[in-house]
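For reference, coords38.txt (compact mmCIF, C-alpha atoms):
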# COMPACT_ATOMS: atom_id res chain seq x y z
CA MET A 123 -22.58 17.69 -17.13
CA SER A 124 -22.27 14.46 -15.22
CA ALA A 125 -21.73 12.60 -18.49
CA VAL A 126 -18.80 14.84 -19.36
CA LEU A 127 -17.33 14.41 -15.90
CA PHE A 128 -17.84 10.66 -16.12
CA PHE A 129 -15.98 10.37 -19.39
CA ILE A 130 -13.11 12.56 -18.23
CA ALA A 131 -12.72 10.57 -15.00
CA ALA A 132 -13.14 7.21 -16.73
CA ILE A 133 -10.55 8.01 -19.38
CA GLY A 134 -8.22 9.23 -16.64
CA ALA A 135 -8.69 6.07 -14.61
CA LEU A 136 -8.17 3.79 -17.62
CA SER A 137 -5.12 5.63 -18.88
CA GLY A 138 -3.65 5.62 -15.38
CA ALA A 139 -4.20 1.87 -15.17
CA ILE A 140 -2.58 1.30 -18.56
CA GLY A 141 0.30 3.50 -17.44
CA VAL A 142 0.84 1.40 -14.33
CA VAL A 143 1.18 -1.74 -16.44
CA THR A 144 3.22 -0.39 -19.33
CA ILE A 145 5.63 2.16 -17.83
CA ARG A 146 8.97 0.51 -17.20
CA ASN A 147 10.29 2.62 -14.36
CA PRO A 148 8.48 1.55 -11.16
CA PHE A 149 8.63 5.10 -9.83
CA TYR A 150 6.55 6.42 -12.70
CA SER A 151 4.26 3.43 -12.32
CA VAL A 152 3.52 4.59 -8.78
CA LEU A 153 2.81 8.10 -10.02
CA ALA A 154 0.47 6.69 -12.68
CA LEU A 155 -1.33 4.78 -9.94
CA VAL A 156 -1.77 8.01 -7.97
CA PHE A 157 -3.36 9.59 -11.05
CA HIS A 158 -5.58 6.54 -11.46
CA LEU A 159 -6.69 6.67 -7.82
CA ILE A 160 -7.61 10.34 -8.00
CA SER A 161 -9.62 9.77 -11.18
CA LEU A 162 -11.34 6.89 -9.44
CA ALA A 163 -12.19 9.18 -6.53
CA ALA A 164 -13.93 11.46 -9.02
CA LEU A 165 -15.97 8.46 -10.21
CA PHE A 166 -16.85 7.70 -6.58
CA LEU A 167 -18.06 11.26 -6.17
CA LEU A 168 -20.26 10.90 -9.24
CA LEU A 169 -21.74 7.80 -7.58
CA ARG A 170 -22.46 9.91 -4.47
CA ALA A 171 -19.96 8.11 -2.26
CA GLU A 172 -18.49 11.23 -0.70
CA PHE A 173 -16.80 9.65 2.29
CA VAL A 174 -15.25 6.84 0.29
CA ALA A 175 -13.92 9.35 -2.24
CA ALA A 176 -12.33 11.43 0.51
CA ALA A 177 -10.84 8.33 2.13
CA GLN A 178 -9.55 7.21 -1.25
CA VAL A 179 -7.70 10.47 -1.82
CA ILE A 180 -6.36 10.84 1.73
CA VAL A 181 -5.56 7.25 2.67
CA TYR A 182 -4.81 5.66 -0.67
CA ALA A 183 -3.40 8.37 -2.88
CA GLY A 184 -1.78 9.98 0.14
CA ALA A 185 -0.51 7.55 2.72
CA VAL A 186 -0.22 4.22 0.90
CA MET A 187 1.40 5.76 -2.15
CA VAL A 188 3.96 7.56 0.03
CA LEU A 189 4.86 4.13 1.41
CA TYR A 190 5.26 2.85 -2.15
CA VAL A 191 7.44 5.78 -3.14
CA PHE A 192 9.68 5.20 -0.13
CA VAL A 193 10.12 1.52 -0.92
CA VAL A 194 10.78 2.23 -4.60
CA ALA A 195 13.40 4.77 -3.59
CA TYR A 196 14.95 2.28 -1.15
CA VAL A 197 14.98 -0.75 -3.41
CA GLY A 198 15.77 1.43 -6.38
CA GLY A 199 13.98 -0.70 -8.91
CA GLY A 200 15.45 0.46 -12.17
CA ASP A 201 13.99 -0.09 -15.60
CA ASP A 202 13.01 -3.69 -15.94
CA PRO A 203 12.09 -5.18 -19.26
CA LEU A 204 8.50 -6.17 -19.81
CA ALA A 205 8.48 -9.94 -19.38
CA SER A 206 11.67 -10.59 -21.26
CA GLY A 207 11.91 -14.07 -19.82
CA GLY A 208 8.59 -15.72 -20.37
CA THR A 209 7.54 -15.04 -23.91
CA ALA A 210 4.54 -17.33 -23.53
CA LEU A 211 3.21 -15.17 -20.72
CA LYS A 212 3.87 -12.08 -22.78
CA VAL A 213 1.38 -13.30 -25.36
CA LEU A 214 -0.98 -15.14 -23.05
CA GLY A 215 -1.27 -12.37 -20.47
CA PRO A 216 -2.99 -9.77 -22.64
CA LEU A 217 -5.13 -12.49 -24.23
CA PHE A 218 -6.25 -13.63 -20.79
CA ALA A 219 -6.98 -10.04 -19.81
CA LEU A 220 -9.02 -9.51 -22.95
CA ALA A 221 -10.99 -12.67 -22.25
CA VAL A 222 -11.63 -11.54 -18.67
CA ALA A 223 -12.77 -8.11 -19.82
CA VAL A 224 -15.16 -9.47 -22.44
CA GLU A 225 -16.53 -12.04 -20.02
CA LEU A 226 -17.08 -9.48 -17.27
CA CYS A 227 -18.78 -7.07 -19.67
CA ILE A 228 -21.07 -9.81 -20.92
CA ALA A 229 -21.86 -10.90 -17.37
CA MET A 230 -22.55 -7.39 -16.14
CA LEU A 231 -24.48 -6.00 -19.08
CA GLY A 232 -26.30 -9.19 -19.89
CA THR A 233 -27.86 -9.59 -16.48
CA ALA A 234 -31.53 -9.21 -15.91
CA LEU A 235 -30.83 -6.64 -13.21
CA LYS A 236 -33.42 -3.94 -13.45
CA GLY A 237 -32.12 -0.42 -13.59
CA ILE A 238 -28.60 -1.28 -14.61
CA SER A 239 -29.00 1.14 -17.48
CA GLY A 240 -30.70 3.70 -15.27
CA LYS A 241 -29.19 6.13 -12.86
CA GLY A 242 -29.78 4.05 -9.77
CA ALA A 243 -32.05 4.45 -6.81
CA PRO A 244 -33.60 7.86 -6.10
CA TYR A 245 -31.26 10.06 -4.13
CA VAL A 246 -31.90 10.29 -0.41
CA SER A 247 -30.52 13.28 1.42
CA GLY A 248 -27.32 12.43 3.23
CA PHE A 249 -26.52 9.33 1.19
CA GLY A 250 -22.85 8.43 1.55
CA THR A 251 -21.98 11.23 3.94
CA PRO A 252 -19.57 10.59 6.81
CA ALA A 253 -22.49 10.77 9.25
CA HIS A 254 -24.30 7.88 7.62
CA ILE A 255 -21.18 5.79 7.12
CA GLY A 256 -20.04 6.35 10.68
CA LYS A 257 -23.42 5.45 12.06
CA LEU A 258 -23.46 2.22 10.07
CA PHE A 259 -19.93 1.39 11.19
CA LEU A 260 -20.79 1.83 14.84
CA THR A 261 -24.12 0.06 14.80
CA THR A 262 -24.74 -2.53 12.11
CA TYR A 263 -21.17 -3.19 11.07
CA LEU A 264 -19.44 -2.86 14.41
CA PHE A 265 -17.88 -6.30 14.27
CA PRO A 266 -16.26 -5.88 10.82
CA PHE A 267 -15.00 -2.51 11.99
CA GLU A 268 -13.22 -4.01 14.99
CA VAL A 269 -11.88 -6.89 12.94
CA ALA A 270 -10.49 -4.39 10.43
CA SER A 271 -8.68 -2.51 13.17
CA LEU A 272 -7.22 -5.76 14.49
CA LEU A 273 -6.14 -6.69 10.96
CA LEU A 274 -4.33 -3.38 10.59
CA LEU A 275 -2.52 -3.96 13.88
CA VAL A 276 -1.44 -7.44 12.82
CA ALA A 277 -0.27 -6.14 9.45
CA ALA A 278 1.77 -3.36 11.04
CA ILE A 279 3.51 -5.73 13.45
CA GLY A 280 4.05 -8.25 10.68
CA ALA A 281 5.64 -5.67 8.41
CA VAL A 282 7.99 -4.58 11.17
CA MET A 283 8.97 -8.19 11.85
CA LEU A 284 9.52 -8.87 8.15
CA ALA A 285 11.56 -5.82 7.32
CA ARG A 286 13.61 -5.51 10.49
CA ARG A 287 17.36 -5.84 10.50
CA ARG A 288 18.15 -9.38 11.49
CA ARG A 289 20.56 -8.95 14.38
CA GLY A 290 19.94 -12.20 16.16
CA LEU A 291 21.46 -14.37 13.48
CA GLU A 292 25.05 -13.23 13.60
CA PRO A 293 26.99 -12.92 16.89
CA ASP A 294 26.25 -9.56 18.33
CA ASP A 295 29.79 -8.46 19.10
CA GLU A 296 29.08 -4.80 18.51
CA LEU A 297 26.79 -4.58 21.51
CA ALA A 298 29.15 -6.64 23.68
CA ARG A 299 32.07 -4.38 22.78
CA LEU A 300 30.06 -1.32 23.69
CA LEU A 301 29.08 -2.81 27.04
CA THR A 302 32.56 -3.88 28.14
CA ALA A 303 34.51 -0.89 26.85
CA PRO A 304 35.67 1.51 29.55
CA ARG A 305 33.70 4.67 29.62
CA PRO A 306 35.61 7.87 28.99
CA ALA A 307 36.48 9.85 32.06
CA TYR A 308 34.47 12.85 33.19
CA THR A 309 31.19 11.60 31.79
CA GLY A 310 29.43 11.93 35.07
CA THR A 311 28.99 8.34 36.09
CA MET A 312 28.00 7.44 39.61
CA ALA A 313 31.38 5.79 40.22
CA GLU A 314 33.07 9.05 39.38
CA GLY A 315 30.86 10.94 41.73
CA ALA A 316 31.80 8.61 44.57
CA GLY A 317 35.50 9.07 43.75
CA SER A 318 36.09 5.41 43.10
CA ARG A 319 36.58 4.90 39.44
CA THR A 320 37.29 1.31 38.68
CA GLY A 321 38.78 -0.13 35.60
CA PRO A 322 41.30 1.22 33.17
CA SER A 323 39.65 4.53 32.46
CA THR A 324 42.47 5.91 30.45
CA THR A 325 40.51 7.16 27.49
CA VAL A 326 40.50 10.80 28.45
CA PRO A 327 39.76 12.93 25.41
CA GLN A 328 42.70 15.11 24.58
CA GLU A 329 40.77 18.30 24.20
CA LEU A 330 39.45 18.19 27.74
CA PRO A 331 41.11 20.65 30.14
CA GLU A 332 43.48 19.39 32.79
CA ARG A 333 41.73 17.87 35.72
CA PRO A 334 41.57 20.37 38.57
CA THR A 335 42.87 19.01 41.80
CA PRO A 336 40.04 18.36 44.20
CA VAL A 337 40.07 20.65 47.23
CA GLY A 338 40.28 17.91 49.80
CA GLU A 339 43.32 16.24 48.29
CA ARG A 340 45.62 19.24 48.34
CA GLY A 341 47.07 19.11 51.78
CA MET B 143 -24.84 8.10 -16.79
CA GLY B 144 -26.17 4.61 -16.37
CA ILE B 145 -24.73 2.33 -13.77
CA GLY B 146 -23.70 -0.09 -16.52
CA TRP B 147 -21.05 2.33 -17.73
CA TYR B 148 -19.37 2.31 -14.36
CA LEU B 149 -19.43 -1.47 -14.34
CA VAL B 150 -17.79 -1.58 -17.77
CA VAL B 151 -15.03 0.75 -16.57
CA SER B 152 -14.57 -1.46 -13.52
CA ALA B 153 -14.30 -4.57 -15.68
CA LEU B 154 -11.71 -2.91 -17.92
CA ILE B 155 -9.59 -1.79 -14.97
CA PHE B 156 -9.75 -5.29 -13.50
CA ALA B 157 -8.61 -6.81 -16.79
CA ILE B 158 -5.73 -4.35 -17.10
CA GLY B 159 -4.65 -5.18 -13.56
CA ALA B 160 -4.81 -8.92 -14.24
CA ALA B 161 -2.70 -8.48 -17.36
CA GLY B 162 -0.16 -6.50 -15.34
CA VAL B 163 0.10 -9.21 -12.71
CA LEU B 164 0.83 -11.74 -15.44
CA ILE B 165 3.21 -9.64 -17.50
CA ARG B 166 5.35 -7.68 -15.07
CA ARG B 167 8.24 -9.22 -13.17
CA ASN B 168 9.10 -6.57 -10.62
CA PRO B 169 7.22 -7.47 -7.41
CA LEU B 170 6.63 -3.79 -6.71
CA VAL B 171 4.72 -3.40 -9.96
CA VAL B 172 2.89 -6.68 -9.32
CA LEU B 173 1.66 -5.18 -6.03
CA LEU B 174 0.58 -2.04 -7.89
CA CYS B 175 -1.42 -4.17 -10.32
CA LEU B 176 -3.06 -5.96 -7.39
CA GLU B 177 -4.10 -2.51 -6.18
CA LEU B 178 -5.63 -1.87 -9.58
CA MET B 179 -7.73 -5.02 -9.32
CA LEU B 180 -8.88 -4.19 -5.79
CA ASN B 181 -9.85 -0.71 -6.90
CA ALA B 182 -11.84 -2.10 -9.80
CA ALA B 183 -13.75 -4.24 -7.30
CA ASN B 184 -14.30 -1.13 -5.17
CA LEU B 185 -15.75 0.74 -8.13
CA ALA B 186 -18.17 -2.10 -8.83
CA LEU B 187 -19.19 -2.24 -5.16
CA ILE B 188 -19.91 1.46 -5.03
CA ALA B 189 -21.77 1.35 -8.34
CA PHE B 190 -24.01 -1.39 -6.96
CA ALA B 191 -24.49 0.56 -3.74
CA ARG B 192 -25.73 3.45 -5.87
CA LEU B 193 -27.93 1.08 -7.85
CA HIS B 194 -29.66 -0.24 -4.76
CA GLY B 195 -29.65 2.97 -2.80
CA GLY B 196 -28.02 1.42 0.25
CA GLU B 197 -24.74 2.29 1.88
CA ASP B 198 -23.72 -1.29 2.61
CA GLY B 199 -21.65 -1.43 -0.56
CA GLN B 200 -19.72 1.62 0.50
CA ILE B 201 -18.97 -0.01 3.86
CA PHE B 202 -17.72 -3.04 1.96
CA ALA B 203 -15.53 -0.80 -0.19
CA LEU B 204 -14.00 0.79 2.91
CA ILE B 205 -13.23 -2.63 4.37
CA VAL B 206 -11.62 -3.59 1.06
CA MET B 207 -9.44 -0.50 1.34
CA VAL B 208 -8.35 -1.56 4.84
CA VAL B 209 -7.49 -5.04 3.62
CA ALA B 210 -5.59 -3.57 0.68
CA ALA B 211 -3.59 -1.37 3.03
CA ALA B 212 -2.71 -4.40 5.18
CA GLU B 213 -1.69 -6.37 2.09
CA VAL B 214 0.48 -3.52 0.85
CA THR B 215 2.20 -3.21 4.22
CA VAL B 216 3.11 -6.89 4.39
CA GLY B 217 4.04 -7.04 0.70
CA LEU B 218 6.34 -4.06 0.88
CA GLY B 219 7.90 -5.47 4.06
CA MET B 220 8.62 -8.68 2.17
CA ILE B 221 10.16 -6.75 -0.73
CA VAL B 222 12.41 -4.84 1.67
CA ALA B 223 13.43 -8.14 3.31
CA ILE B 224 14.19 -9.66 -0.11
CA TYR B 225 16.29 -6.65 -1.01
CA ARG B 226 18.19 -6.79 2.30
CA ARG B 227 19.16 -10.40 1.74
CA ASN B 228 20.55 -9.51 -1.71
CA LEU B 229 18.11 -11.75 -3.50
CA PRO B 230 16.99 -10.71 -6.97
CA VAL B 231 13.93 -8.46 -6.90
CA ASP B 232 12.24 -10.43 -9.67
CA VAL B 233 9.28 -12.74 -9.35
CA ASP B 234 10.61 -15.10 -12.00
CA GLU B 235 13.80 -15.80 -10.11
CA LEU B 236 12.26 -16.05 -6.65
CA ASN B 237 11.20 -19.64 -7.13
CA GLU B 238 12.60 -21.37 -4.08
CA LEU B 239 9.16 -22.57 -3.05
CA HIS B 240 8.80 -24.77 -6.12
CA GLY B 241 9.75 -27.74 -3.99

Is it possible to give me this structure as structure tokens?
Amino acid sequence: MSAVLFFIAAIGALSGAIGVVTIRNPFYSVLALVFHLISLAALFLLLRAEFVAAAQVIVYAGAVMVLYVFVVAYVGGGDDPLASGGTALKVLGPLFALAVAVELCIAMLGTALKGISGKGAPYVSGFGTPAHIGKLFLTTYLFPFEVASLLLLVAAIGAVMLARRRRGLEPDDELARLLTAPRPAYTGTMAEGAGSRTGPSTTVPQELPERPTPVGERG
Amino acid sequence: MGIGWYLVVSALIFAIGAAGVLIRRNPLVVLLCLELMLNAANLALIAFARLHGGEDGQIFALIVMVVAAAEVTVGLGMIVAIYRRNLPVDVDELNELHG
């Protein structure tokens, strides 16, 4: 049963990865990556990493991919040709990838690691559950945990600084115009309340009713 | 299934991601291929955690996910900034740092 699940998930992950690289439209590339990540979460579950699988689906396939979809929709990356410019890279890239794959397979399967063909260590109850992971994060790995949170904060601020609208570069006449323009009458300013409107407040909207004469001014 | 199978899948995903980084020109897709490579490393980490029966590898994988999220945030911010300045969204033409 686990072998069948493994092959389904592995084929899904590999086809998703190939789809990310080969599909021309970036939007469909993102969707292929979502498929790949969910297949990978199934592989994590087979390796008894329950919490990591849940985090993968929620954080990665959920939140991060939504960010990708938004940026793809904003930038609107249309179909781009696959490496039309550099023909050398077009040939050398897959060759390099093939070399890396063969080398990694040789390195991993040719090691003298005991049990690499087995099913791993005997299962302990509670292995990979949120309770165990959380306990490790708050005891042994407390420092990496805090550093990770700081890194996320820095990344968030950095992204805001990078992607913000640059308003400081050009003269900011829009804001100055808004500040010096006379406010329309009857907007309830403090000057109005005190009866001493200053400035040329002539921009009365036409659809406003006629100003009733104040009681004290009549006689 | 043996742990070796998982490692082979991880190696293949890593190679596909590396090929994508080299071939594709859209920086969005290059970021996606970087994600592929990070996920391949995650799969290997979790496979080794299963092999040794310790959860340290899973902790490492979670930290890798955090770092990947940070990288994605900054990368996408840069892509949005490039797009706002009307520069070409193409890694072959963004070569001002050649010197």

Using all atoms listed in the file, find which residues of chain A lie within 6 Å of chain B and jot them down as a ChimeraX atom specification.
/A:125,143,204-205,212,215-216,219,222-223,226-227,238-243,274,277,281,284-285

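Using only C-alpha atoms, the contacts of region 170-185 of chain A at a cut-off of 6 Å, with sequence neighbours closer than 3 positions omitted, comprise Val156, Ala163, Phe166, Leu167, Val188, Gly250, Thr251 and Pro252 of chain A.
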
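In this structure, CA of Leu153 (chain A) sits 18.5 Å away from CA of Ile130 (chain A).
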
Distance in Å - CA of Leu168 (chain A) versus CA of Leu187 (chain B):
13.8 Å

Could you state the separation of CA of Ala154 (chain A) and CA of Ser137 (chain A) in Å, given to one decimal place?
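CA of Ala154 (chain A) sits 8.4 Å away from CA of Ser137 (chain A).
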
Nearby residues (only C-alpha atoms) at most 7 Å from Val142 (chain A), same-chain spacing under 5 positions excluded, as a list of chain:residue names:
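The residues satisfying every condition are A:Ser151, A:Val152, A:Ala154, A:Leu155.
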